[in-house]
$ cat my_file_15.cif   # mmCIF, C-alpha atoms
data_query
#
loop_
_atom_site.label_atom_id
_atom_site.label_comp_id
_atom_site.auth_asym_id
_atom_site.auth_seq_id
_atom_site.Cartn_x
_atom_site.Cartn_y
_atom_site.Cartn_z
CA MET A 11 -26.49 33.73 2.92
CA THR A 12 -30.01 33.65 4.25
CA GLU A 13 -31.49 36.32 2.00
CA PRO A 14 -34.08 34.93 -0.43
CA ALA A 15 -32.69 34.67 -3.95
CA PRO A 16 -34.50 36.65 -6.67
CA ALA A 17 -37.09 34.42 -8.40
CA LEU A 18 -36.10 32.66 -11.61
CA PRO A 19 -37.88 33.51 -14.88
CA ALA A 20 -40.22 30.67 -15.95
CA ASN A 21 -38.09 29.59 -18.90
CA ARG A 22 -34.92 29.30 -16.78
CA ARG A 23 -36.88 27.43 -14.13
CA ARG A 24 -38.11 24.89 -16.70
CA GLU A 25 -34.59 24.53 -18.06
CA VAL A 26 -33.07 23.80 -14.64
CA LEU A 27 -35.88 21.39 -13.78
CA ARG A 28 -35.52 19.50 -17.04
CA GLN A 29 -31.75 19.21 -16.66
CA SER A 30 -31.95 18.16 -13.01
CA LEU A 31 -34.57 15.50 -13.66
CA SER A 32 -32.70 14.02 -16.60
CA ILE A 33 -29.51 13.79 -14.52
CA GLY A 34 -31.58 12.11 -11.79
CA ALA A 35 -33.07 9.53 -14.13
CA ALA A 36 -29.80 8.78 -15.94
CA THR A 37 -27.69 8.46 -12.79
CA GLY A 38 -30.41 6.68 -10.84
CA ALA A 39 -30.62 4.01 -13.53
CA TYR A 40 -27.16 2.80 -12.50
CA GLY A 41 -28.66 1.77 -9.18
CA ILE A 42 -29.73 -1.42 -10.93
CA SER A 43 -26.09 -2.50 -11.24
CA PHE A 44 -25.42 -1.71 -7.59
CA GLY A 45 -28.48 -3.69 -6.46
CA ALA A 46 -27.57 -6.74 -8.50
CA LEU A 47 -23.89 -6.71 -7.46
CA SER A 48 -24.71 -6.20 -3.79
CA VAL A 49 -27.01 -9.23 -3.66
CA ALA A 50 -24.45 -11.22 -5.67
CA ALA A 51 -21.83 -10.28 -3.04
CA GLY A 52 -24.02 -11.91 -0.38
CA LEU A 53 -25.87 -8.95 1.16
CA SER A 54 -29.61 -9.26 1.72
CA ILE A 55 -32.09 -7.16 -0.25
CA LEU A 56 -32.78 -5.11 2.90
CA GLN A 57 -29.07 -4.48 3.55
CA THR A 58 -28.64 -3.50 -0.10
CA GLN A 59 -31.52 -1.06 0.14
CA ALA A 60 -30.20 0.36 3.43
CA LEU A 61 -26.91 1.24 1.71
CA SER A 62 -28.69 3.13 -1.07
CA ALA A 63 -31.08 4.92 1.28
CA LEU A 64 -28.65 5.76 4.10
CA LEU A 65 -25.14 5.74 2.64
CA PHE A 66 -26.18 7.13 -0.77
CA SER A 67 -22.80 7.48 -2.43
CA GLY A 68 -22.12 5.11 -5.33
CA GLY A 69 -18.36 4.56 -5.03
CA SER A 70 -18.58 3.88 -1.29
CA GLN A 71 -21.53 1.53 -1.75
CA PHE A 72 -19.75 -0.51 -4.43
CA ALA A 73 -16.65 -0.63 -2.18
CA VAL A 74 -18.57 -1.96 0.85
CA VAL A 75 -20.23 -4.80 -1.07
CA SER A 76 -17.17 -5.83 -3.06
CA ILE A 77 -14.88 -5.93 -0.01
CA LEU A 78 -17.45 -7.93 1.99
CA GLY A 79 -18.05 -10.16 -1.05
CA ALA A 80 -14.32 -10.87 -1.32
CA GLY A 81 -14.28 -11.99 2.32
CA GLY A 82 -12.83 -8.74 3.67
CA SER A 83 -13.51 -7.58 7.23
CA GLY A 84 -16.22 -5.11 8.18
CA ALA A 85 -13.52 -2.72 9.39
CA ALA A 86 -11.80 -2.72 5.98
CA ALA A 87 -15.14 -2.16 4.23
CA VAL A 88 -16.07 0.75 6.52
CA ALA A 89 -12.61 2.34 6.23
CA THR A 90 -12.57 2.22 2.42
CA SER A 91 -16.13 3.48 2.18
CA SER A 92 -15.29 6.40 4.47
CA LEU A 93 -12.08 7.33 2.65
CA LEU A 94 -14.11 7.45 -0.57
CA GLY A 95 -16.75 9.56 1.20
CA ILE A 96 -14.37 12.38 2.15
CA ARG A 97 -15.01 14.06 -1.19
CA ASN A 98 -18.67 14.58 -0.31
CA GLY A 99 -17.57 16.60 2.72
CA LEU A 100 -15.48 18.78 0.40
CA TYR A 101 -18.50 19.30 -1.84
CA GLY A 102 -20.46 20.38 1.26
CA LEU A 103 -17.96 23.15 1.95
CA ARG A 104 -18.94 24.62 -1.40
CA THR A 105 -22.68 23.93 -1.46
CA SER A 106 -23.27 25.16 2.10
CA ARG A 107 -22.34 28.67 0.92
CA LEU A 108 -24.71 28.48 -2.06
CA LEU A 109 -27.69 26.97 -0.29
CA GLY A 110 -27.93 28.99 2.90
CA ALA A 111 -29.83 26.07 4.44
CA PHE A 112 -30.17 25.78 8.21
CA GLY A 113 -31.72 23.40 10.73
CA LEU A 114 -33.53 20.42 9.29
CA ARG A 115 -33.01 21.61 5.72
CA ARG A 116 -29.26 21.55 6.28
CA LEU A 117 -29.42 17.97 7.62
CA VAL A 118 -31.35 16.90 4.50
CA ALA A 119 -29.03 18.88 2.21
CA ALA A 120 -26.03 17.01 3.65
CA GLN A 121 -27.53 13.62 2.72
CA VAL A 122 -28.08 14.64 -0.93
CA THR A 123 -24.66 16.33 -1.26
CA ILE A 124 -23.17 14.10 -3.95
CA ASP A 125 -21.27 14.56 -7.21
CA GLU A 126 -24.34 15.35 -9.33
CA SER A 127 -26.17 17.79 -7.05
CA THR A 128 -22.93 19.67 -6.37
CA ALA A 129 -22.04 19.86 -10.05
CA MET A 130 -25.53 21.08 -10.93
CA ALA A 131 -25.45 23.74 -8.19
CA ILE A 132 -22.00 25.16 -8.87
CA THR A 133 -22.51 25.41 -12.62
CA GLN A 134 -25.66 27.58 -12.45
CA PRO A 135 -25.12 31.36 -12.74
CA GLU A 136 -28.05 32.62 -10.62
CA PRO A 137 -28.40 31.85 -6.86
CA ALA A 138 -32.03 30.72 -7.32
CA ALA A 139 -30.99 28.29 -10.06
CA GLN A 140 -28.13 26.99 -7.91
CA ARG A 141 -30.55 26.15 -5.10
CA LEU A 142 -33.23 24.70 -7.38
CA GLY A 143 -30.65 22.66 -9.28
CA PHE A 144 -29.13 21.28 -6.09
CA TRP A 145 -32.39 20.22 -4.50
CA VAL A 146 -34.09 18.80 -7.59
CA THR A 147 -30.98 16.96 -8.79
CA GLY A 148 -30.20 15.59 -5.33
CA GLY A 149 -33.81 14.54 -4.78
CA ALA A 150 -34.24 13.00 -8.23
CA VAL A 151 -31.00 11.00 -8.03
CA TYR A 152 -32.02 9.82 -4.54
CA VAL A 153 -35.44 8.59 -5.65
CA PHE A 154 -34.31 6.93 -8.89
CA TRP A 155 -31.14 5.44 -7.36
CA ASN A 156 -33.17 3.83 -4.57
CA LEU A 157 -35.92 2.53 -6.87
CA MET A 158 -33.41 1.03 -9.30
CA THR A 159 -31.39 -0.48 -6.43
CA LEU A 160 -34.51 -2.40 -5.42
CA VAL A 161 -35.08 -3.57 -9.00
CA GLY A 162 -31.40 -4.62 -9.25
CA ALA A 163 -31.51 -6.45 -5.92
CA PHE A 164 -34.45 -8.58 -7.11
CA VAL A 165 -32.75 -9.19 -10.47
CA GLY A 166 -29.51 -10.24 -8.72
CA ASP A 167 -31.48 -12.48 -6.37
CA ALA A 168 -33.21 -14.18 -9.33
CA LEU A 169 -29.96 -14.70 -11.27
CA GLY A 170 -28.34 -16.95 -8.69
CA ASP A 171 -24.66 -17.89 -9.20
CA PRO A 172 -22.96 -14.53 -9.80
CA ARG A 173 -19.95 -15.97 -11.63
CA ARG A 174 -22.07 -17.60 -14.31
CA TYR A 175 -23.35 -14.19 -15.43
CA GLY A 176 -19.99 -12.50 -15.00
CA LEU A 177 -21.22 -10.33 -12.12
CA ASP A 178 -17.78 -10.48 -10.45
CA ALA A 179 -16.30 -8.98 -13.62
CA ALA A 180 -19.11 -6.40 -13.65
CA ALA A 181 -17.82 -5.15 -10.28
CA SER A 182 -14.35 -4.44 -11.65
CA ALA A 183 -15.90 -2.75 -14.69
CA ALA A 184 -18.00 -0.55 -12.37
CA PHE A 185 -14.90 0.58 -10.46
CA LEU A 186 -13.09 1.15 -13.74
CA ALA A 187 -15.93 3.33 -15.02
CA LEU A 188 -15.87 5.34 -11.76
CA LEU A 189 -12.10 5.76 -12.03
CA TRP A 190 -11.98 6.65 -15.74
CA PRO A 191 -13.14 10.31 -15.64
CA ARG A 192 -10.68 11.01 -12.81
CA LEU A 193 -7.59 10.04 -14.83
CA ARG A 194 -7.20 13.29 -16.76
CA SER A 195 -4.01 14.52 -15.08
CA GLY A 196 -0.57 12.92 -15.04
CA ASP A 197 -0.61 12.95 -11.22
CA ALA A 198 -3.86 10.99 -11.26
CA ARG A 199 -2.52 8.39 -13.66
CA ALA A 200 0.69 8.01 -11.61
CA THR A 201 -1.42 7.58 -8.46
CA ALA A 202 -3.62 4.95 -10.12
CA VAL A 203 -0.66 2.87 -11.31
CA LEU A 204 1.11 3.08 -7.94
CA ALA A 205 -2.09 2.24 -6.04
CA ALA A 206 -2.88 -0.78 -8.23
CA PHE A 207 0.70 -2.01 -7.79
CA LEU A 208 0.61 -1.57 -3.99
CA ALA A 209 -2.72 -3.39 -3.76
CA LEU A 210 -1.54 -6.34 -5.83
CA VAL A 211 1.80 -6.87 -4.07
CA THR A 212 0.25 -6.64 -0.60
CA SER A 213 -2.87 -8.72 -1.26
CA PRO A 214 -1.25 -12.17 -0.78
CA VAL A 215 0.03 -11.18 2.68
CA LEU A 216 -2.73 -8.91 4.06
CA PRO A 217 -6.37 -9.73 4.90
CA ALA A 218 -8.89 -9.02 2.10
CA GLY A 219 -9.82 -5.35 1.86
CA VAL A 220 -6.72 -4.06 3.66
CA PRO A 221 -4.57 -3.78 0.48
CA VAL A 222 -7.05 -1.19 -0.82
CA ILE A 223 -6.46 0.95 2.27
CA VAL A 224 -2.68 0.53 1.97
CA ALA A 225 -3.00 1.71 -1.64
CA ALA A 226 -4.43 5.01 -0.38
CA LEU A 227 -0.82 5.84 0.49
CA ALA A 228 -0.27 6.31 -3.25
CA ALA A 229 -2.47 9.43 -3.07
CA VAL A 230 -0.41 10.75 -0.15
CA ALA A 231 2.90 9.98 -1.87
CA VAL A 232 1.97 11.64 -5.16
CA GLY A 233 0.01 14.48 -3.53
CA LEU A 234 2.84 15.50 -1.20
CA ARG A 235 5.53 15.42 -3.86
CA ARG A 236 7.26 18.71 -4.58
CA SER A 237 4.74 21.25 -5.79
CA GLY A 238 5.05 23.06 -9.10
CA HIS A 239 4.50 19.79 -10.89
CA HIS A 240 0.81 20.05 -10.43
CA VAL A 241 -1.93 20.26 -13.03
CA PRO A 242 -4.11 23.32 -12.31
CA PRO A 243 -7.32 22.31 -10.54
CA LEU A 244 -10.48 21.95 -12.59
CA GLU A 245 -13.64 23.64 -11.44
CA GLY A 246 -14.44 21.28 -8.55
CA VAL A 247 -13.93 22.46 -4.98
CA ASP A 248 -11.20 19.89 -4.40
CA GLY A 249 -9.78 20.01 -7.88
CA SER A 250 -11.89 17.08 -9.06
CA LEU A 251 -14.81 17.48 -11.39
CA PRO A 252 -17.99 16.78 -9.49
CA GLY A 253 -20.48 15.15 -11.80
CA SER A 254 -17.80 13.39 -13.78
CA ASP A 255 -18.52 10.44 -11.50
CA PRO A 256 -21.20 8.32 -13.15
CA THR A 257 -22.91 7.32 -9.87
CA PRO A 258 -24.03 9.41 -6.87
CA MET B 3 -18.51 -7.24 12.83
CA THR B 4 -21.81 -8.56 11.46
CA THR B 5 -22.88 -7.43 8.00
CA TRP B 6 -25.59 -5.23 9.51
CA VAL B 7 -23.13 -3.48 11.84
CA THR B 8 -20.79 -2.90 8.88
CA VAL B 9 -23.60 -1.54 6.71
CA LEU B 10 -24.95 0.81 9.38
CA LEU B 11 -21.51 2.01 10.48
CA ALA B 12 -20.53 2.77 6.87
CA CYS B 13 -23.82 4.66 6.45
CA ALA B 14 -23.35 6.68 9.65
CA LEU B 15 -19.77 7.67 8.79
CA ALA B 16 -20.73 8.57 5.21
CA TYR B 17 -23.45 10.88 6.52
CA LEU B 18 -21.15 12.48 9.09
CA LEU B 19 -18.56 13.16 6.39
CA LYS B 20 -21.22 14.85 4.26
CA LEU B 21 -22.40 16.91 7.24
CA VAL B 22 -18.87 17.99 8.20
CA GLY B 23 -18.71 19.99 4.96
CA TYR B 24 -21.65 22.07 6.21
CA LEU B 25 -20.21 22.60 9.66
CA VAL B 26 -16.50 23.36 9.34
CA PRO B 27 -15.03 26.62 7.98
CA ALA B 28 -13.61 26.17 4.48
CA ARG B 29 -10.17 27.45 5.51
CA TRP B 30 -9.63 24.28 7.60
CA VAL B 31 -9.13 22.26 4.47
CA ASP B 32 -7.55 24.92 2.28
CA GLY B 33 -3.97 24.45 1.17
CA SER B 34 -2.74 23.00 -2.06
CA ARG B 35 -1.13 19.88 -0.56
CA THR B 36 -4.25 18.87 1.33
CA SER B 37 -6.40 19.47 -1.72
CA ARG B 38 -4.04 17.47 -3.93
CA VAL B 39 -4.13 14.48 -1.57
CA THR B 40 -7.91 14.61 -1.23
CA THR B 41 -8.32 14.83 -5.01
CA LEU B 42 -6.05 11.83 -5.53
CA LEU B 43 -7.58 9.74 -2.72
CA PRO B 44 -10.57 8.42 -4.72
CA VAL B 45 -8.20 7.73 -7.65
CA ALA B 46 -5.95 5.55 -5.46
CA LEU B 47 -8.83 3.69 -3.83
CA LEU B 48 -10.71 3.04 -7.07
CA ALA B 49 -7.54 1.90 -8.87
CA ALA B 50 -6.78 -0.51 -6.02
CA LEU B 51 -10.35 -1.83 -6.15
CA VAL B 52 -10.07 -2.34 -9.92
CA ALA B 53 -6.77 -4.22 -9.46
CA THR B 54 -7.93 -6.48 -6.64
CA GLN B 55 -11.37 -7.16 -8.16
CA THR B 56 -9.84 -8.02 -11.53
CA LEU B 57 -6.72 -9.96 -10.58
CA THR B 58 -6.96 -11.52 -7.13
CA ARG B 59 -8.88 -14.51 -5.87
CA THR B 60 -9.80 -15.54 -2.31
CA GLY B 61 -6.59 -15.55 -0.31
CA GLY B 62 -5.18 -12.65 -2.29
CA THR B 63 -3.20 -14.59 -4.88
CA VAL B 64 -2.93 -12.95 -8.28
CA VAL B 65 -4.62 -14.89 -11.10
CA VAL B 66 -5.43 -14.14 -14.72
CA ASP B 67 -8.91 -15.27 -15.69
CA ALA B 68 -12.04 -14.12 -17.52
CA ARG B 69 -12.22 -10.99 -15.35
CA LEU B 70 -9.09 -9.54 -16.98
CA ALA B 71 -10.57 -10.02 -20.45
CA ALA B 72 -13.77 -8.41 -19.18
CA ALA B 73 -11.83 -5.42 -17.82
CA GLY B 74 -10.13 -5.10 -21.22
CA ALA B 75 -13.57 -4.99 -22.83
CA ALA B 76 -14.60 -2.34 -20.30
CA VAL B 77 -11.59 -0.18 -21.26
CA VAL B 78 -12.52 -0.44 -24.94
CA LEU B 79 -16.12 0.57 -24.14
CA LEU B 80 -14.89 3.51 -22.02
CA LEU B 81 -12.64 4.66 -24.88
CA LEU B 82 -15.73 4.55 -27.11
CA ARG B 83 -17.47 6.76 -24.51
CA ALA B 84 -20.08 4.13 -23.74
CA ASN B 85 -22.62 4.73 -21.00
CA PHE B 86 -21.85 3.35 -17.49
CA LEU B 87 -24.44 0.57 -17.73
CA VAL B 88 -23.19 -0.50 -21.17
CA VAL B 89 -19.66 -0.79 -19.74
CA VAL B 90 -20.79 -2.85 -16.74
CA ILE B 91 -23.12 -5.15 -18.70
CA GLY B 92 -20.62 -5.49 -21.58
CA ALA B 93 -17.88 -6.61 -19.17
CA ALA B 94 -20.21 -9.09 -17.47
CA ALA B 95 -21.23 -10.50 -20.86
CA VAL B 96 -17.59 -11.03 -21.91
CA ALA B 97 -16.80 -12.87 -18.65
CA ALA B 98 -19.98 -14.96 -18.87
CA LEU B 99 -19.27 -15.87 -22.50
CA LEU B 100 -15.66 -16.90 -21.78
CA ARG B 101 -16.80 -19.05 -18.86
CA ALA B 102 -19.55 -20.61 -20.98
CA VAL B 103 -16.88 -21.80 -23.43
CA GLY B 104 -14.83 -23.12 -20.53
CA TRP B 105 -12.15 -20.49 -19.86
CA GLY B 106 -11.55 -18.54 -16.65
#
$ encode --input "my_file_15.cif" --output "structure tokens"
Amino acid sequence: MTEPAPALPANRRREVLRQSLSIGAATGAYGISFGALSVAAGLSILQTQALSALLFSGGSQFAVVSILGAGGSGAAAVATSSLLGIRNGLYGLRTSRLLGAFGLRRLVAAQVTIDESTAMAITQPEPAAQRLGFWVTGGAVYVFWNLMTLVGAFVGDALGDPRRYGLDAAASAAFLALLWPRLRSGDARATAVLAAFLALVTSPVLPAGVPVIVAALAAVAVGLRRSGHHVPPLEGVDGSLPGSDPTP
Amino acid sequence: MTTWVTVLLACALAYLLKLVGYLVPARWVDGSRTSRVTTLLPVALLAALVATQTLTRTGGTVVVDARLAAAGAAVVLLLLRANFLVVVIGAAAVAALLRAVGWG
């Protein structure tokens, strides 16, 4: 795990760098939508930037701001964000074996362990390319995502009334786009329908944000059903496809 | 909880969850049932967020307004394999347009 990987030939190195940087720029660009929606939901520019710099996981960030924006409690926002963040821990199980990073490097690696860096690392054949791909992709997404969050926060601040520009509808479209690539299996589609139903029937009687947590039971119900009815896992460590998620 | 406490707590827990992957042995989370539930967890949460963001208003009552039309537009754009930003901006534009003409 700690042995140095054999060096990459120059052409492979260029290829991995080019791919990693383009993923970073493309994914990071979506930070503009997070920045604008976060400010529209009532968070300050500094709070918005703190989420991108410190939380750095798109789905969780969108969840925090939309639950707070809908008048949900801090506890509901933190719980939903954390449930969505569990997948990053599963990615870490996989990347920790590829990276062989210890000490401070491991602490930094954890922060940039997201869909894109994991996908880039696990799809490279050579150990040196896996490490290079992980670090450059993670770093590039981090830098671009944070820069574009700042741009988006100022844009959102300048726009004013979020409803007039349809920013509330943009939030549902963002969640829909995050959900879309995960709906490939029948189990996933059944879970999505059940979860949406649970959230809608409980929302008139529960405080804002809590119905989303209740809906997590749909994953437990479908996941624990009799086995044998299961679609074989895709290449992700947890059966999901890292990198199919359009944000970090 | 103030907004700052919420933001920082969410950040701290997100980081700890990422770090846990580097610290625990993989066999702790092996097992097909556990992996099925953890795969489906983001699906359930995101679907619930889509539903509540699209169809509920303050107080949790279900309403149909411009957001549902916008979500429909988002589905069409996703079926056309549009880029994430195109989907988000397209949906916002549909909602803004409908509201400009006085609906939803």
$ resolve_selection --input "my_file_15.cif" --expression "the PyMOL selection byres ((chain A) within 7 of (chain B))" --output "ChimeraX atom specification"
/A:40,57,61,64-65,80,84,88,91-92,94-96,98-103,106,120-121,123,174-177,179-180,182-187,189,192,198,201-202,205-206,209-210,213-214,218,222,225-226,228-230,233-234,248-250,256
$ write_last_selection --input "my_file_15.cif" --atoms "C-alpha atoms" --output "short mmCIF file (atom, residue, chain, number, x, y, z; two decimals), in the frame of the given file"
data_model
loop_
_atom_site.label_atom_id
_atom_site.label_comp_id
_atom_site.auth_asym_id
_atom_site.auth_seq_id
_atom_site.Cartn_x
_atom_site.Cartn_y
_atom_site.Cartn_z
CA TYR A 40 -27.16 2.80 -12.50
CA GLN A 57 -29.07 -4.48 3.55
CA LEU A 61 -26.91 1.24 1.71
CA LEU A 64 -28.65 5.76 4.10
CA LEU A 65 -25.14 5.74 2.64
CA ALA A 80 -14.32 -10.87 -1.32
CA GLY A 84 -16.22 -5.11 8.18
CA VAL A 88 -16.07 0.75 6.52
CA SER A 91 -16.13 3.48 2.18
CA SER A 92 -15.29 6.40 4.47
CA LEU A 94 -14.11 7.45 -0.57
CA GLY A 95 -16.75 9.56 1.20
CA ILE A 96 -14.37 12.38 2.15
CA ASN A 98 -18.67 14.58 -0.31
CA GLY A 99 -17.57 16.60 2.72
CA LEU A 100 -15.48 18.78 0.40
CA TYR A 101 -18.50 19.30 -1.84
CA GLY A 102 -20.46 20.38 1.26
CA LEU A 103 -17.96 23.15 1.95
CA SER A 106 -23.27 25.16 2.10
CA ALA A 120 -26.03 17.01 3.65
CA GLN A 121 -27.53 13.62 2.72
CA THR A 123 -24.66 16.33 -1.26
CA ARG A 174 -22.07 -17.60 -14.31
CA TYR A 175 -23.35 -14.19 -15.43
CA GLY A 176 -19.99 -12.50 -15.00
CA LEU A 177 -21.22 -10.33 -12.12
CA ALA A 179 -16.30 -8.98 -13.62
CA ALA A 180 -19.11 -6.40 -13.65
CA SER A 182 -14.35 -4.44 -11.65
CA ALA A 183 -15.90 -2.75 -14.69
CA ALA A 184 -18.00 -0.55 -12.37
CA PHE A 185 -14.90 0.58 -10.46
CA LEU A 186 -13.09 1.15 -13.74
CA ALA A 187 -15.93 3.33 -15.02
CA LEU A 189 -12.10 5.76 -12.03
CA ARG A 192 -10.68 11.01 -12.81
CA ALA A 198 -3.86 10.99 -11.26
CA THR A 201 -1.42 7.58 -8.46
CA ALA A 202 -3.62 4.95 -10.12
CA ALA A 205 -2.09 2.24 -6.04
CA ALA A 206 -2.88 -0.78 -8.23
CA ALA A 209 -2.72 -3.39 -3.76
CA LEU A 210 -1.54 -6.34 -5.83
CA SER A 213 -2.87 -8.72 -1.26
CA PRO A 214 -1.25 -12.17 -0.78
CA ALA A 218 -8.89 -9.02 2.10
CA VAL A 222 -7.05 -1.19 -0.82
CA ALA A 225 -3.00 1.71 -1.64
CA ALA A 226 -4.43 5.01 -0.38
CA ALA A 228 -0.27 6.31 -3.25
CA ALA A 229 -2.47 9.43 -3.07
CA VAL A 230 -0.41 10.75 -0.15
CA GLY A 233 0.01 14.48 -3.53
CA LEU A 234 2.84 15.50 -1.20
CA ASP A 248 -11.20 19.89 -4.40
CA GLY A 249 -9.78 20.01 -7.88
CA SER A 250 -11.89 17.08 -9.06
CA PRO A 256 -21.20 8.32 -13.15
#
$ residues_around --input "my_file_15.cif" --residues "Arg22 of chain A" --least-positions-apart "4" --cutoff "8 Å" --atoms "only C-alpha atoms" --output "number ranges by chain"
A: 18, 26, 139
$ resolve_selection --input "my_file_15.cif" --expression "the PyMOL selection byres ((chain A and resi 69) around 8)" --output "number ranges by chain"
A: 67-68, 70-73, 91, 94, 185, 188, 257-258
$ closest_residue --input "my_file_15.cif" --among "A:Leu204, A:Ala63, A:Leu53, A:Leu227" --to "Val151 of chain A" --atoms "all atoms listed in the file"
A:Ala63
$ closest_residue --input "my_file_15.cif" --among "A:Gly110, A:Asp255, A:Glu126, A:Ala17" --to "Leu193 of chain A" --atoms "only C-alpha atoms"
A:Asp255
$ atom_distance --input "my_file_15.cif" --atom1 "atom CA of Ile55 of chain A" --atom2 "atom CA of Gly79 of chain A"
14.4 Å
$ atom_distance --input "my_file_15.cif" --atom1 "atom CA of Arg23 of chain A" --atom2 "atom CA of Pro137 of chain A"
12.0 Å
$ atom_distance --input "my_file_15.cif" --atom1 "atom CA of Ala111 of chain A" --atom2 "atom CA of Leu157 of chain A"
26.8 Å
$ residues_around --input "my_file_15.cif" --residues "Ala150 of chain A" --least-positions-apart "3" --cutoff "7 Å" --atoms "only C-alpha atoms" --output "NGL selection string"
:A and (31 or 34-35 or 146-147 or 153-154)
$ decode --input "my_file_15.cif" --residues "segment 156-191 of chain A" --atoms "C-alpha atoms" --output "mmCIF file, in the first residue's frame"
data_model
loop_
_atom_site.group_PDB
_atom_site.id
_atom_site.type_symbol
_atom_site.label_atom_id
_atom_site.label_comp_id
_atom_site.auth_asym_id
_atom_site.auth_seq_id
_atom_site.Cartn_x
_atom_site.Cartn_y
_atom_site.Cartn_z
ATOM 1 C CA ASN A 156 -15.686 26.947 -4.779
ATOM 2 C CA LEU A 157 -14.949 29.684 -7.320
ATOM 3 C CA MET A 158 -18.262 29.156 -9.103
ATOM 4 C CA THR A 159 -20.137 29.037 -5.776
ATOM 5 C CA LEU A 160 -18.844 32.537 -5.067
ATOM 6 C CA VAL A 161 -19.908 33.740 -8.528
ATOM 7 C CA GLY A 162 -23.351 32.142 -8.039
ATOM 8 C CA ALA A 163 -23.758 33.651 -4.575
ATOM 9 C CA PHE A 164 -23.186 37.167 -5.957
ATOM 10 C CA VAL A 165 -25.523 36.477 -8.897
ATOM 11 C CA GLY A 166 -28.235 35.188 -6.518
ATOM 12 C CA ASP A 167 -27.729 38.206 -4.272
ATOM 13 C CA ALA A 168 -28.137 40.584 -7.242
ATOM 14 C CA LEU A 169 -31.274 38.833 -8.548
ATOM 15 C CA GLY A 170 -33.392 39.525 -5.472
ATOM 16 C CA ASP A 171 -36.819 37.841 -5.256
ATOM 17 C CA PRO A 172 -36.059 34.173 -5.976
ATOM 18 C CA ARG A 173 -39.581 33.280 -7.093
ATOM 19 C CA ARG A 174 -39.601 35.860 -9.865
ATOM 20 C CA TYR A 175 -36.704 34.079 -11.585
ATOM 21 C CA GLY A 176 -38.026 30.617 -10.824
ATOM 22 C CA LEU A 177 -35.135 29.816 -8.468
ATOM 23 C CA ASP A 178 -37.443 27.723 -6.249
ATOM 24 C CA ALA A 179 -38.228 25.567 -9.294
ATOM 25 C CA ALA A 180 -34.509 25.435 -10.096
ATOM 26 C CA ALA A 181 -33.973 23.697 -6.737
ATOM 27 C CA SER A 182 -36.377 20.877 -7.599
ATOM 28 C CA ALA A 183 -34.766 20.564 -11.038
ATOM 29 C CA ALA A 184 -31.333 20.290 -9.380
ATOM 30 C CA PHE A 185 -32.520 17.444 -7.133
ATOM 31 C CA LEU A 186 -34.165 15.779 -10.120
ATOM 32 C CA ALA A 187 -30.924 15.956 -12.107
ATOM 33 C CA LEU A 188 -29.019 14.444 -9.151
ATOM 34 C CA LEU A 189 -31.609 11.665 -8.846
ATOM 35 C CA TRP A 190 -31.884 10.852 -12.566
ATOM 36 C CA PRO A 191 -28.664 8.836 -13.103
#
